[in-house]
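Just input_9.txt here, compact mmCIF, C-alpha atoms:
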# COMPACT_ATOMS: atom_id res chain seq x y z
CA MET U 1 137.75 30.23 227.77
CA LEU U 2 134.55 32.12 227.09
CA VAL U 3 134.57 35.91 227.09
CA SER U 4 131.60 37.95 228.28
CA ASP U 5 129.80 40.37 225.99
CA HIS U 6 131.02 43.10 228.34
CA GLY U 7 134.62 42.02 227.78
CA HIS U 8 134.13 42.19 224.03
CA SER U 9 132.46 45.59 224.21
CA THR U 10 135.34 46.91 226.31
CA ALA U 11 137.85 45.63 223.75
CA VAL U 12 135.89 47.27 220.91
CA ALA U 13 135.82 50.59 222.73
CA ALA U 14 139.58 50.48 223.35
CA LEU U 15 140.31 49.62 219.72
CA THR U 16 138.12 52.36 218.27
CA ALA U 17 139.74 54.87 220.62
CA GLN U 18 143.19 53.75 219.48
CA TYR U 19 142.13 54.03 215.85
CA ALA U 20 140.75 57.54 216.38
CA ALA U 21 143.99 58.61 218.09
CA MET U 22 146.21 57.58 215.18
CA ARG U 23 147.65 60.58 213.40
CA GLU U 24 146.08 61.48 210.09
CA GLY U 25 147.87 59.85 207.19
CA ALA U 26 149.61 57.24 209.33
CA PRO U 27 149.52 53.75 207.77
CA VAL U 28 147.01 51.48 209.45
CA ARG U 29 147.88 47.87 210.12
CA LEU U 30 147.22 45.18 212.70
CA ALA U 31 149.72 44.18 215.37
CA LYS U 32 149.38 40.40 214.96
CA LYS U 33 151.56 37.65 216.39
CA THR U 34 151.16 35.39 213.38
CA SER U 35 150.44 35.68 209.67
CA ASN U 36 149.72 33.23 206.89
CA LEU U 37 150.18 35.79 204.12
CA PHE U 38 153.10 35.40 201.74
CA ARG U 39 153.44 39.06 200.92
CA PHE U 40 156.43 39.63 203.18
CA ARG U 41 156.97 43.19 204.38
CA THR U 42 159.58 44.86 206.54
CA GLU U 43 158.61 44.46 210.18
CA GLN U 44 157.36 47.63 211.84
CA SER U 45 156.57 48.46 215.41
CA GLY U 46 153.17 49.60 216.58
CA GLY U 47 149.93 48.85 214.80
CA LEU U 48 146.40 48.39 216.09
CA ASP U 49 146.39 46.24 219.20
CA VAL U 50 143.99 43.39 218.38
CA GLY U 51 145.35 41.01 221.00
CA ARG U 52 142.03 41.04 222.90
CA PHE U 53 140.07 39.78 219.89
CA ASP U 54 141.33 36.19 219.94
CA ARG U 55 138.58 34.34 221.83
CA VAL U 56 135.54 32.19 221.23
CA LEU U 57 132.72 34.15 222.84
CA ALA U 58 130.07 31.43 222.83
CA VAL U 59 129.10 28.12 221.22
CA ASP U 60 125.41 27.31 220.81
CA PRO U 61 125.21 23.52 220.37
CA VAL U 62 121.45 23.59 219.80
CA GLY U 63 121.41 26.31 217.17
CA ARG U 64 124.78 25.11 215.84
CA THR U 65 126.36 28.54 215.81
CA ALA U 66 129.32 30.25 217.43
CA GLN U 67 130.15 33.84 218.30
CA VAL U 68 133.84 34.34 217.59
CA GLN U 69 136.25 37.27 217.73
CA GLY U 70 138.07 38.08 214.50
CA MET U 71 141.62 37.21 215.58
CA THR U 72 140.63 33.77 216.90
CA THR U 73 142.74 31.06 215.31
CA TYR U 74 141.04 28.02 213.87
CA GLU U 75 143.12 25.93 216.26
CA ASN U 76 141.33 27.53 219.21
CA LEU U 77 137.97 27.67 217.48
CA VAL U 78 138.05 23.96 216.62
CA ALA U 79 139.09 23.08 220.19
CA ALA U 80 136.00 24.91 221.47
CA THR U 81 133.52 23.46 218.98
CA LEU U 82 134.72 19.84 219.02
CA ARG U 83 133.84 19.70 222.72
CA HIS U 84 130.23 20.00 221.55
CA GLY U 85 130.59 17.53 218.67
CA LEU U 86 130.61 20.39 216.16
CA MET U 87 133.02 22.11 213.78
CA PRO U 88 132.98 25.15 211.46
CA LEU U 89 131.64 24.25 208.03
CA VAL U 90 135.07 24.86 206.48
CA VAL U 91 138.26 24.55 208.55
CA PRO U 92 141.30 25.89 206.64
CA GLN U 93 144.33 23.64 206.75
CA LEU U 94 146.65 25.62 209.03
CA LYS U 95 146.15 26.09 212.75
CA THR U 96 147.03 29.78 213.04
CA ILE U 97 144.81 31.03 210.23
CA THR U 98 142.38 33.39 211.95
CA ILE U 99 138.70 33.36 211.21
CA GLY U 100 138.79 37.05 210.37
CA GLY U 101 141.66 36.41 207.98
CA ALA U 102 139.86 33.52 206.30
CA VAL U 103 136.82 35.73 205.71
CA ALA U 104 138.59 38.94 204.63
CA GLY U 105 140.89 36.77 202.52
CA LEU U 106 139.86 33.31 201.36
CA GLY U 107 140.04 29.92 203.01
CA ILE U 108 139.33 26.46 201.68
CA GLU U 109 139.42 22.81 202.72
CA SER U 110 138.10 19.38 201.86
CA THR U 111 134.49 20.23 202.80
CA SER U 112 134.44 23.12 200.31
CA PHE U 113 132.86 21.03 197.55
CA ARG U 114 129.69 20.95 199.71
CA ASN U 115 130.13 23.94 202.07
CA GLY U 116 131.80 26.52 199.84
CA LEU U 117 134.24 29.01 201.37
CA PRO U 118 134.49 30.07 205.06
CA HIS U 119 132.71 33.40 204.56
CA GLU U 120 129.64 31.59 203.21
CA SER U 121 128.80 30.21 206.66
CA VAL U 122 129.01 33.62 208.34
CA ARG U 123 125.65 34.99 209.53
CA GLU U 124 126.79 38.33 210.91
CA LEU U 125 129.94 40.46 210.83
CA GLU U 126 130.98 43.21 213.21
CA ILE U 127 133.50 45.35 211.34
CA LEU U 128 135.72 48.29 212.24
CA THR U 129 135.55 50.26 208.99
CA GLY U 130 138.14 52.55 207.46
CA ASP U 131 136.09 55.49 208.74
CA GLY U 132 136.61 54.26 212.31
CA GLU U 133 132.97 53.24 212.76
CA VAL U 134 131.85 49.83 214.04
CA VAL U 135 129.25 48.37 211.68
CA VAL U 136 127.23 45.19 212.20
CA ALA U 137 126.76 43.77 208.69
CA LYS U 138 124.22 41.14 207.62
CA PRO U 139 124.22 38.97 204.47
CA ASP U 140 122.13 41.45 202.46
CA ASP U 141 124.41 44.41 203.24
CA ASP U 142 126.88 45.75 200.67
CA LEU U 143 129.78 45.70 203.14
CA PHE U 144 129.06 42.09 204.10
CA ARG U 145 129.04 41.02 200.44
CA ALA U 146 132.23 42.93 199.58
CA PHE U 147 134.19 41.93 202.68
CA PRO U 148 135.46 38.56 201.36
CA ASN U 149 138.68 39.09 199.39
CA SER U 150 139.05 42.67 200.67
CA TYR U 151 142.13 41.80 202.82
CA GLY U 152 141.59 44.47 205.43
CA THR U 153 141.17 47.31 202.93
CA LEU U 154 137.52 47.89 203.86
CA GLY U 155 137.94 47.25 207.58
CA TYR U 156 138.66 44.54 210.15
CA ALA U 157 136.37 41.82 211.47
CA LEU U 158 135.96 42.14 215.24
CA ARG U 159 133.22 39.56 215.79
CA LEU U 160 131.55 36.94 213.61
CA GLU U 161 128.55 34.71 214.03
CA ILE U 162 129.16 31.48 212.13
CA GLU U 163 127.33 28.25 211.38
CA LEU U 164 128.59 24.92 212.70
CA GLU U 165 127.93 21.34 211.64
CA PRO U 166 127.97 18.05 213.57
CA VAL U 167 130.95 15.72 213.35
CA ARG U 168 131.61 12.09 214.18
CA GLN U 169 134.58 10.72 216.06
CA TYR U 170 136.60 9.31 213.15
CA VAL U 171 137.29 9.85 209.47
CA ARG U 172 137.97 6.89 207.21
CA LEU U 173 140.20 7.78 204.25
CA ARG U 174 140.55 6.19 200.82
CA HIS U 175 143.51 7.29 198.70
CA VAL U 176 142.44 6.54 195.13
CA PRO U 177 145.25 6.55 192.53
CA PHE U 178 145.06 7.97 189.00
CA GLY U 179 147.48 7.98 186.11
CA SER U 180 146.22 10.96 184.12
CA PHE U 181 145.02 14.48 184.76
CA ALA U 182 141.88 13.96 182.68
CA GLU U 183 140.81 10.84 184.58
CA CYS U 184 141.42 12.52 187.93
CA ALA U 185 139.39 15.60 186.91
CA ALA U 186 136.49 13.46 185.70
CA VAL U 187 136.29 11.57 189.01
CA ILE U 188 136.49 14.80 191.02
CA GLU U 189 133.43 16.03 189.16
CA GLU U 190 131.63 12.72 189.72
CA VAL U 191 132.26 12.36 193.47
CA CYS U 192 131.44 16.02 194.13
CA SER U 193 128.10 15.57 192.39
CA ASP U 194 126.94 12.28 193.88
CA GLY U 195 127.45 13.25 197.56
CA SER U 196 129.12 9.95 198.40
CA ALA U 197 131.99 11.50 200.40
CA ASP U 198 132.13 13.85 203.37
CA PHE U 199 135.60 15.20 202.49
CA VAL U 200 137.41 15.42 199.14
CA ASP U 201 140.90 16.61 198.27
CA GLY U 202 143.78 15.39 196.13
CA THR U 203 147.55 15.33 195.75
CA VAL U 204 149.50 15.37 192.49
CA PHE U 205 152.99 13.90 192.80
CA SER U 206 153.77 13.77 189.08
CA ARG U 207 152.13 13.66 185.67
CA GLY U 208 151.52 9.93 186.10
CA GLU U 209 150.91 9.71 189.86
CA MET U 210 148.10 11.47 191.66
CA TYR U 211 145.50 10.56 194.28
CA LEU U 212 142.07 11.65 195.37
CA THR U 213 141.55 11.31 199.10
CA LEU U 214 137.92 10.58 199.92
CA GLY U 215 136.97 10.95 203.57
CA HIS U 216 133.92 9.40 205.21
CA TYR U 217 132.74 9.91 208.78
CA ALA U 218 132.80 6.83 211.02
CA ASP U 219 131.75 6.06 214.59
CA ILE U 220 134.34 3.32 215.05
CA ALA U 221 137.83 2.74 213.63
CA PRO U 222 140.00 -0.40 213.65
CA TYR U 223 143.03 1.83 214.35
CA THR U 224 144.04 5.49 214.07
CA SER U 225 147.22 6.85 212.53
CA ASP U 226 149.31 9.59 214.11
CA TYR U 227 150.98 12.11 211.79
CA THR U 228 151.98 14.59 214.48
CA GLY U 229 155.37 12.97 215.18
CA ASN U 230 157.71 10.81 213.13
CA GLN U 231 155.17 9.80 210.48
CA ILE U 232 154.43 12.20 207.60
CA TYR U 233 150.87 12.44 206.30
CA TYR U 234 151.45 13.22 202.65
CA ARG U 235 153.89 10.32 202.32
CA SER U 236 151.18 7.98 203.60
CA ILE U 237 149.01 8.87 200.61
CA GLN U 238 151.42 7.05 198.30
CA LYS U 239 151.82 4.05 200.58
CA ARG U 240 148.32 3.29 201.84
CA ARG U 241 144.97 2.82 200.18
CA THR U 242 142.96 3.26 203.38
CA ASP U 243 143.61 5.02 206.67
CA HIS U 244 141.78 6.21 209.78
CA LEU U 245 142.17 9.42 211.77
CA THR U 246 140.32 11.04 214.63
CA ILE U 247 138.32 14.04 213.43
CA HIS U 248 140.76 16.33 215.31
CA ASP U 249 143.80 14.82 213.62
CA TYR U 250 142.07 14.81 210.26
CA LEU U 251 141.37 18.53 210.43
CA TRP U 252 145.05 19.24 211.20
CA ARG U 253 146.63 16.52 209.04
CA TRP U 254 148.37 19.10 206.84
CA ASP U 255 149.63 21.43 209.59
CA THR U 256 152.41 19.28 211.06
CA ASP U 257 154.47 19.43 207.87
CA TRP U 258 152.87 22.53 206.31
CA PHE U 259 151.61 20.13 203.64
CA TRP U 260 155.08 19.03 202.39
CA CYS U 261 156.96 22.29 202.82
CA SER U 262 158.72 21.20 206.03
CA ARG U 263 161.18 19.30 203.85
CA ALA U 264 162.88 22.63 203.02
CA PHE U 265 164.06 22.81 206.65
CA GLY U 266 165.20 19.19 206.89
CA ALA U 267 162.30 18.38 209.19
CA GLN U 268 161.42 15.27 207.16
CA ASN U 269 164.89 13.79 207.54
CA PRO U 270 164.39 10.92 210.03
CA VAL U 271 167.41 11.92 212.13
CA VAL U 272 166.47 15.60 212.24
CA ARG U 273 162.84 14.75 212.93
CA ARG U 274 163.69 12.70 216.00
CA LEU U 275 165.59 15.69 217.40
CA TRP U 276 163.06 18.35 216.35
CA PRO U 277 160.78 19.11 219.35
CA LYS U 278 157.28 17.94 218.52
CA ARG U 279 155.74 21.23 219.64
CA TYR U 280 157.68 22.97 216.84
CA LEU U 281 156.37 20.71 214.07
CA ARG U 282 153.85 23.38 213.09
CA SER U 283 153.08 25.55 210.09
CA ASP U 284 153.52 28.83 212.00
CA VAL U 285 157.06 27.84 213.01
CA TYR U 286 158.02 27.07 209.41
CA ARG U 287 156.47 30.32 208.17
CA LYS U 288 158.59 32.31 210.65
CA LEU U 289 161.69 30.45 209.45
CA VAL U 290 160.88 31.39 205.84
CA ALA U 291 160.40 35.04 206.78
CA LYS U 292 163.71 35.15 208.68
CA HIS U 293 165.56 33.38 205.87
CA ARG U 294 164.25 35.83 203.27
CA GLN U 295 165.28 38.73 205.47
CA LEU U 296 168.80 37.47 206.13
CA ARG U 297 169.57 35.80 202.79
CA PRO U 298 167.50 37.28 199.96
CA ARG U 299 168.03 35.41 196.69
CA VAL U 300 167.81 36.60 193.13
CA ASP U 301 168.44 33.26 191.42
CA VAL U 302 165.14 31.62 192.43
CA GLU U 303 161.56 32.84 192.13
CA PRO U 304 159.03 31.95 194.84
CA VAL U 305 155.92 30.40 193.26
CA ILE U 306 153.45 30.32 196.13
CA GLN U 307 149.87 30.45 194.92
CA ASP U 308 146.37 29.03 195.21
CA VAL U 309 144.17 29.28 192.14
CA GLU U 310 140.62 28.16 191.39
CA ILE U 311 140.20 26.41 188.03
CA PRO U 312 136.86 25.22 186.56
CA VAL U 313 136.89 21.44 186.78
CA GLY U 314 136.43 21.18 183.01
CA ALA U 315 139.74 23.02 182.51
CA LEU U 316 141.65 21.30 185.33
CA ALA U 317 143.47 18.79 183.12
CA ASP U 318 144.62 21.59 180.80
CA PHE U 319 145.92 23.65 183.72
CA LEU U 320 147.78 20.73 185.30
CA ASP U 321 149.34 19.89 181.93
CA PHE U 322 150.47 23.52 181.55
CA PHE U 323 151.75 23.63 185.12
CA ASP U 324 153.76 20.42 184.76
CA ARG U 325 155.37 21.64 181.51
CA GLU U 326 156.06 25.25 182.42
CA ILE U 327 156.55 25.30 186.20
CA GLY U 328 157.36 21.73 187.26
CA ILE U 329 156.71 22.06 191.00
CA SER U 330 155.50 18.98 192.87
CA PRO U 331 153.60 17.93 194.87
CA VAL U 332 150.50 20.00 194.09
CA TRP U 333 147.33 20.09 196.18
CA LEU U 334 143.82 19.81 194.72
CA CYS U 335 140.68 20.88 196.57
CA PRO U 336 137.27 21.07 194.85
CA VAL U 337 134.97 23.96 195.74
CA ARG U 338 131.47 25.03 194.77
CA LEU U 339 129.89 28.18 196.17
CA ARG U 340 126.92 27.72 198.52
CA ASP U 341 125.53 31.16 197.82
CA ASN U 342 123.76 31.43 194.47
CA THR U 343 124.35 35.18 194.22
CA GLY U 344 128.15 34.90 194.36
CA TRP U 345 130.65 37.29 195.95
CA PRO U 346 131.53 40.49 194.06
CA LEU U 347 135.26 40.79 194.80
CA TYR U 348 135.98 37.15 193.93
CA PRO U 349 133.46 36.54 191.14
CA MET U 350 133.28 32.76 190.85
CA ASP U 351 130.27 31.30 189.05
CA PRO U 352 127.96 29.71 191.67
CA GLY U 353 126.91 27.05 189.18
CA THR U 354 130.46 25.87 188.43
CA LEU U 355 132.55 23.31 190.30
CA TYR U 356 136.08 24.67 190.64
CA VAL U 357 139.22 22.95 191.84
CA ASN U 358 141.68 24.87 193.97
CA VAL U 359 145.23 24.09 192.88
CA GLY U 360 147.81 24.93 195.53
CA PHE U 361 151.57 25.04 194.90
CA TRP U 362 154.17 26.40 197.25
CA SER U 363 157.82 26.28 196.27
CA GLU U 364 160.38 28.11 194.14
CA VAL U 365 161.85 27.73 190.67
CA PRO U 366 165.20 28.80 189.19
CA VAL U 367 165.21 32.12 187.36
CA ARG U 368 166.09 31.18 183.80
CA PRO U 369 168.38 33.24 181.55
CA GLY U 370 166.49 36.26 180.22
CA GLU U 371 163.70 36.00 182.81
CA ARG U 372 162.68 38.71 185.24
CA MET U 373 161.80 37.90 188.81
CA GLY U 374 158.07 37.18 188.75
CA ASP U 375 157.87 36.00 185.14
CA ARG U 376 156.78 32.48 186.07
CA ASN U 377 154.06 33.89 188.33
CA ARG U 378 152.94 36.19 185.52
CA LEU U 379 152.73 33.16 183.23
CA ILE U 380 150.48 31.41 185.76
CA GLU U 381 148.29 34.49 186.11
CA ARG U 382 147.73 34.62 182.34
CA GLU U 383 146.92 30.92 182.12
CA VAL U 384 144.49 31.07 185.03
CA ALA U 385 142.66 33.96 183.35
CA ARG U 386 142.63 32.17 179.99
CA LEU U 387 140.97 29.13 181.55
CA GLY U 388 138.31 31.17 183.37
CA GLY U 389 139.84 30.75 186.81
CA HIS U 390 140.69 33.02 189.72
CA LYS U 391 143.77 33.59 191.83
CA SER U 392 143.90 34.15 195.59
CA LEU U 393 145.75 37.28 196.74
CA TYR U 394 147.55 36.07 199.87
CA SER U 395 150.88 35.95 198.03
CA ASP U 396 152.71 38.06 195.45
CA SER U 397 150.71 39.27 192.45
CA TYR U 398 151.96 40.92 189.28
CA TYR U 399 148.85 42.21 187.51
CA ALA U 400 148.79 45.60 185.81
CA GLU U 401 146.28 47.80 187.59
CA ASP U 402 143.59 47.79 184.91
CA GLU U 403 143.85 44.01 184.56
CA PHE U 404 143.67 43.54 188.32
CA TRP U 405 140.46 45.52 188.62
CA ARG U 406 138.88 43.58 185.75
CA HIS U 407 139.48 40.35 187.65
CA TYR U 408 138.40 41.64 191.07
CA ASN U 409 135.43 43.89 190.21
CA GLY U 410 137.02 47.28 190.67
CA SER U 411 133.84 49.28 190.05
CA HIS U 412 131.95 47.52 192.84
CA TYR U 413 134.93 47.70 195.17
CA ARG U 414 135.33 51.46 194.68
CA CYS U 415 131.65 52.07 195.48
CA VAL U 416 131.87 50.18 198.78
CA LYS U 417 135.25 51.71 199.59
CA ALA U 418 133.86 55.23 199.10
CA ARG U 419 131.02 54.52 201.49
CA TYR U 420 132.99 52.97 204.37
CA ASP U 421 136.46 54.54 204.01
CA GLN U 422 135.72 58.02 202.75
CA THR U 423 139.16 59.47 203.50
CA ASN U 424 141.11 56.40 202.29
CA ARG U 425 142.76 55.70 205.62
CA LEU U 426 143.19 52.09 204.53
CA PRO U 427 145.08 51.22 201.33
CA ASP U 428 143.05 50.03 198.36
CA LEU U 429 143.12 46.40 197.33
CA TYR U 430 145.55 46.84 194.43
CA ALA U 431 147.95 48.94 196.47
CA LYS U 432 148.01 46.35 199.25
CA CYS U 433 148.08 43.12 197.27
CA VAL U 434 150.24 44.10 194.28
CA ARG U 435 152.23 47.18 195.24
CA GLY U 436 152.78 46.01 198.80
CA ARG U 437 151.64 49.13 200.62

Please express the file's structure as structure tokens.
Amino acid sequence: MLVSDHGHSTAVAALTAQYAAMREGAPVRLAKKTSNLFRFRTEQSGGLDVGRFDRVLAVDPVGRTAQVQGMTTYENLVAATLRHGLMPLVVPQLKTITIGGAVAGLGIESTSFRNGLPHESVRELEILTGDGEVVVAKPDDDLFRAFPNSYGTLGYALRLEIELEPVRQYVRLRHVPFGSFAECAAVIEEVCSDGSADFVDGTVFSRGEMYLTLGHYADIAPYTSDYTGNQIYYRSIQKRRTDHLTIHDYLWRWDTDWFWCSRAFGAQNPVVRRLWPKRYLRSDVYRKLVAKHRQLRPRVDVEPVIQDVEIPVGALADFLDFFDREIGISPVWLCPVRLRDNTGWPLYPMDPGTLYVNVGFWSEVPVRPGERMGDRNRLIEREVARLGGHKSLYSDSYYAEDEFWRHYNGSHYRCVKARYDQTNRLPDLYAKCVRGR
């Protein structure tokens, strides 16, 4: 459904009025139905009503752009753009990630080696700032540049203009096996440089078993696989060397089983899977189950290790060796990324000239004798920093405050914060992402 500009303007007016009416000093947060953050907080009533900011306003198939409200999920955005043979330049893996969340936080997927991160295809941002003003920010503006990785501490995205790219009907996959971290890293660097693939990601099952999945657009396919029911996508990587998916099913290949995390709920057991309603084989359902489980049965004997980190490709083998020895979680996801924008992004200062590989791992480990809760995450944070990498902030972080600001450009952040949130109505980035405020 398309929403008129008048409808959007009315929603903006209502939201700014609600923001202005909030009592001074009251914590500001969004009343959202879903979240893909893994910084779990006690549920609270109230919050800013952003329910009217969940629509695609317009798709321009000629100019290859879309006007999108900030709380629009990628599931709905993709449904609107695929009708025109187009998709966002980067479509994060999970259906209920919102475009505003992927820009204020960070998103990534298998086009990131050529298209960068989701915020790099944004042309214009309409933001409700901490001061309660609505600002339209362009790529040369300080707020626009600082918004990625600000996690709602500088304001909230109400509307975005984004670039789109053409798609074809099918994606042909090749799952290429490797027996060593070094060999896998070398081929990642090669295929991301030669432009021979349209999509690139990888899966590490063990020290001696890993695969790069190379996707190529196709206009015809001899068959298409379906991983939205009884079949499980990540298991197919080990069993097949080639595969074919529709572009729609390719974009959501990871959502049905939340990569591999659905196994924690028994959803991969063949008997359970046949009884599990298909409409509930979704990442947002599993995330709600995790939140409820943590609320009802908090555990002190296991430490959640749920992180995404960007590692320079030249250091990838070293990081994977460290991770296998010290953490031991598997599988692990690999996704190469190179920034599109040569000036970089101040609050997540990756080198535009470097190919990085996102390493994603989402599980838990036993707390060993003598360990504190969080020690294994602290170990990962130190190793990522040692190797010149960066860590996403959607999950728990354990940095000391001075260390945190060194990694995330505290001086620049404070300058922008002082300009657009002069009375500190919104928490600062450290308070929100580490202290949990």

Shortest interatomic distance to Val302 of chain U - which of U:Leu57, U:Ala21, U:Val367, U:Cys192, counting all atoms listed in the file: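 Smallest separation from Val302 of chain U among the options: U:Val367.
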
Which of U:Tyr408, U:Trp260, U:Phe53, U:Phe199 sits closest to Val90 of chain U [using all atoms listed in the file]: U:Phe199

All residues 10 Å or closer to Tyr250 of chain U, only C-alpha atoms, same chain fewer than 2 positions away omitted, as JSON, numbers by chain: {"U": [93, 170, 171, 172, 173, 215, 225, 226, 227, 233, 244, 245, 246, 247, 248, 252, 253, 254]}

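Here atom CA of Pro346 of chain U is placed at a distance of 25.3 Å from atom CA of Tyr74 of chain U.
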
Sorted by chain and rising residue number, list the residues of segment 331-417 of chain U at most 10 Å from segment 130-150 of chain U (counting all atoms listed in the file), each with its closest atom pair and distance in Å to one decimal, as JSON lines.
{"residue": "U:Thr343", "atom": "CA", "partner": "U:Arg145", "partner_atom": "CA", "distance": 9.7}
{"residue": "U:Gly344", "atom": "CA", "partner": "U:Arg145", "partner_atom": "CA", "distance": 8.7}
{"residue": "U:Trp345", "atom": "CA", "partner": "U:Arg145", "partner_atom": "CA", "distance": 6.1}
{"residue": "U:Pro346", "atom": "CA", "partner": "U:Ala146", "partner_atom": "CA", "distance": 6.1}
{"residue": "U:Leu347", "atom": "CA", "partner": "U:Asn149", "partner_atom": "CA", "distance": 6.0}
{"residue": "U:Tyr348", "atom": "CA", "partner": "U:Asn149", "partner_atom": "CA", "distance": 6.4}
{"residue": "U:Ser392", "atom": "CA", "partner": "U:Asn149", "partner_atom": "CA", "distance": 8.1}
{"residue": "U:Leu393", "atom": "CA", "partner": "U:Asn149", "partner_atom": "CA", "distance": 7.8}
{"residue": "U:Tyr394", "atom": "CA", "partner": "U:Asn149", "partner_atom": "CA", "distance": 9.4}
{"residue": "U:Tyr408", "atom": "CA", "partner": "U:Asn149", "partner_atom": "CA", "distance": 8.7}
{"residue": "U:Asn409", "atom": "CA", "partner": "U:Ala146", "partner_atom": "CA", "distance": 9.9}
{"residue": "U:His412", "atom": "CA", "partner": "U:Ala146", "partner_atom": "CA", "distance": 8.2}
{"residue": "U:Tyr413", "atom": "CA", "partner": "U:Ala146", "partner_atom": "CA", "distance": 7.0}
{"residue": "U:Cys415", "atom": "CA", "partner": "U:Asp142", "partner_atom": "CA", "distance": 9.5}
{"residue": "U:Val416", "atom": "CA", "partner": "U:Leu143", "partner_atom": "CA", "distance": 6.6}
{"residue": "U:Lys417", "atom": "CA", "partner": "U:Gly130", "partner_atom": "CA", "distance": 8.4}

Taking 3 positions as the minimum chain separation for residues in the same chain, which residues sit within 8 Å of Glu401 of chain U when counting all atoms listed in the file? Answer as a tab-separated table (two decimals) with C-alpha atoms, in the coordinates of the input.
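This is the output file selection02.tsv:
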chain	number	residue	atom	x	y	z
U	404	PHE	CA	143.67	43.54	188.32
U	405	TRP	CA	140.46	45.52	188.62
U	430	TYR	CA	145.55	46.84	194.43

Show me, as a short mmCIF file (atom, residue, chain, number, x, y, z; two decimals) with C-alpha atoms, in the frame of the given file, the residues that have an atom within 10 Å of Leu89 of chain U when counting only C-alpha atoms, minus same-chain residues fewer than 5 positions from it.
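Final file, result_18.cif:
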data_model
loop_
_atom_site.label_atom_id
_atom_site.label_comp_id
_atom_site.auth_asym_id
_atom_site.auth_seq_id
_atom_site.Cartn_x
_atom_site.Cartn_y
_atom_site.Cartn_z
CA GLU U 109 139.42 22.81 202.72
CA THR U 111 134.49 20.23 202.80
CA SER U 112 134.44 23.12 200.31
CA ARG U 114 129.69 20.95 199.71
CA ASN U 115 130.13 23.94 202.07
CA GLY U 116 131.80 26.52 199.84
CA LEU U 117 134.24 29.01 201.37
CA PRO U 118 134.49 30.07 205.06
CA HIS U 119 132.71 33.40 204.56
CA GLU U 120 129.64 31.59 203.21
CA SER U 121 128.80 30.21 206.66
CA VAL U 122 129.01 33.62 208.34
CA ILE U 162 129.16 31.48 212.13
CA GLU U 163 127.33 28.25 211.38
CA LEU U 164 128.59 24.92 212.70
CA GLU U 165 127.93 21.34 211.64
CA PRO U 166 127.97 18.05 213.57
#

Pairwise distance for atom CA of Ile327 of chain U and atom CA of Asp301 of chain U, rounded to one decimal in Å: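 Between atom CA of Ile327 of chain U and atom CA of Asp301 of chain U the gap is 15.2 Å.
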
For atom CA of Lys95 of chain U and atom CA of Thr72 of chain U, the interatomic separation in Å (one decimal): 10.3 Å

Residue contacts of segment 304-306 of chain U (8 Å, all atoms listed in the file) excluding same-chain residues fewer than 3 positions away, as a ChimeraX atom specification: /U:38,360-365,376-377,395-396

Contacts of segment 203-208 of chain U within 8 Å, all atoms listed in the file, excl. fewer than 4 positions in-chain, as a list in words: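 After dropping sequence-adjacent residues, the list is Phe178, Gly179, Ser180, Phe181, Leu212, Thr213, Asp321, Asp324, Ser330, Pro331, Val332, Trp333 and Leu334 of chain U.
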
Nearest residue to Lys432 of chain U from the set U:Met210, U:Ala14, U:Met71, U:Leu154 (distances using all atoms listed in the file):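 Going through U:Met210, U:Ala14, U:Met71, U:Leu154 one by one, the smallest distance to Lys432 of chain U is for U:Leu154.
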
Since the input lacks atoms, please generate N, CA and C atoms for segment 202-211 of chain U and provide them as a tab-separated table (two decimals), in the coordinates of the input.
chain	number	residue	atom	x	y	z
U	202	GLY	N	142.90	16.22	196.94
U	202	GLY	CA	143.78	15.39	196.13
U	202	GLY	C	145.20	15.89	196.17
U	203	THR	N	146.12	15.01	195.77
U	203	THR	CA	147.55	15.33	195.75
U	203	THR	C	148.15	14.82	194.45
U	204	VAL	N	148.82	15.72	193.73
U	204	VAL	CA	149.50	15.37	192.49
U	204	VAL	C	150.99	15.29	192.78
U	205	PHE	N	151.56	14.09	192.60
U	205	PHE	CA	152.99	13.90	192.80
U	205	PHE	C	153.76	14.02	191.49
U	206	SER	N	153.14	13.67	190.39
U	206	SER	CA	153.77	13.77	189.08
U	206	SER	C	152.70	13.63	188.02
U	207	ARG	N	153.08	13.78	186.78
U	207	ARG	CA	152.13	13.66	185.67
U	207	ARG	C	151.43	12.29	185.67
U	208	GLY	N	152.10	11.27	186.13
U	208	GLY	CA	151.52	9.93	186.10
U	208	GLY	C	151.12	9.37	187.45
U	209	GLU	N	151.24	10.19	188.51
U	209	GLU	CA	150.91	9.71	189.86
U	209	GLU	C	150.18	10.79	190.64
U	210	MET	N	148.91	10.54	190.87
U	210	MET	CA	148.10	11.47	191.66
U	210	MET	C	147.02	10.67	192.38
U	211	TYR	N	146.47	11.26	193.45
U	211	TYR	CA	145.50	10.56	194.28
U	211	TYR	C	144.38	11.51	194.68
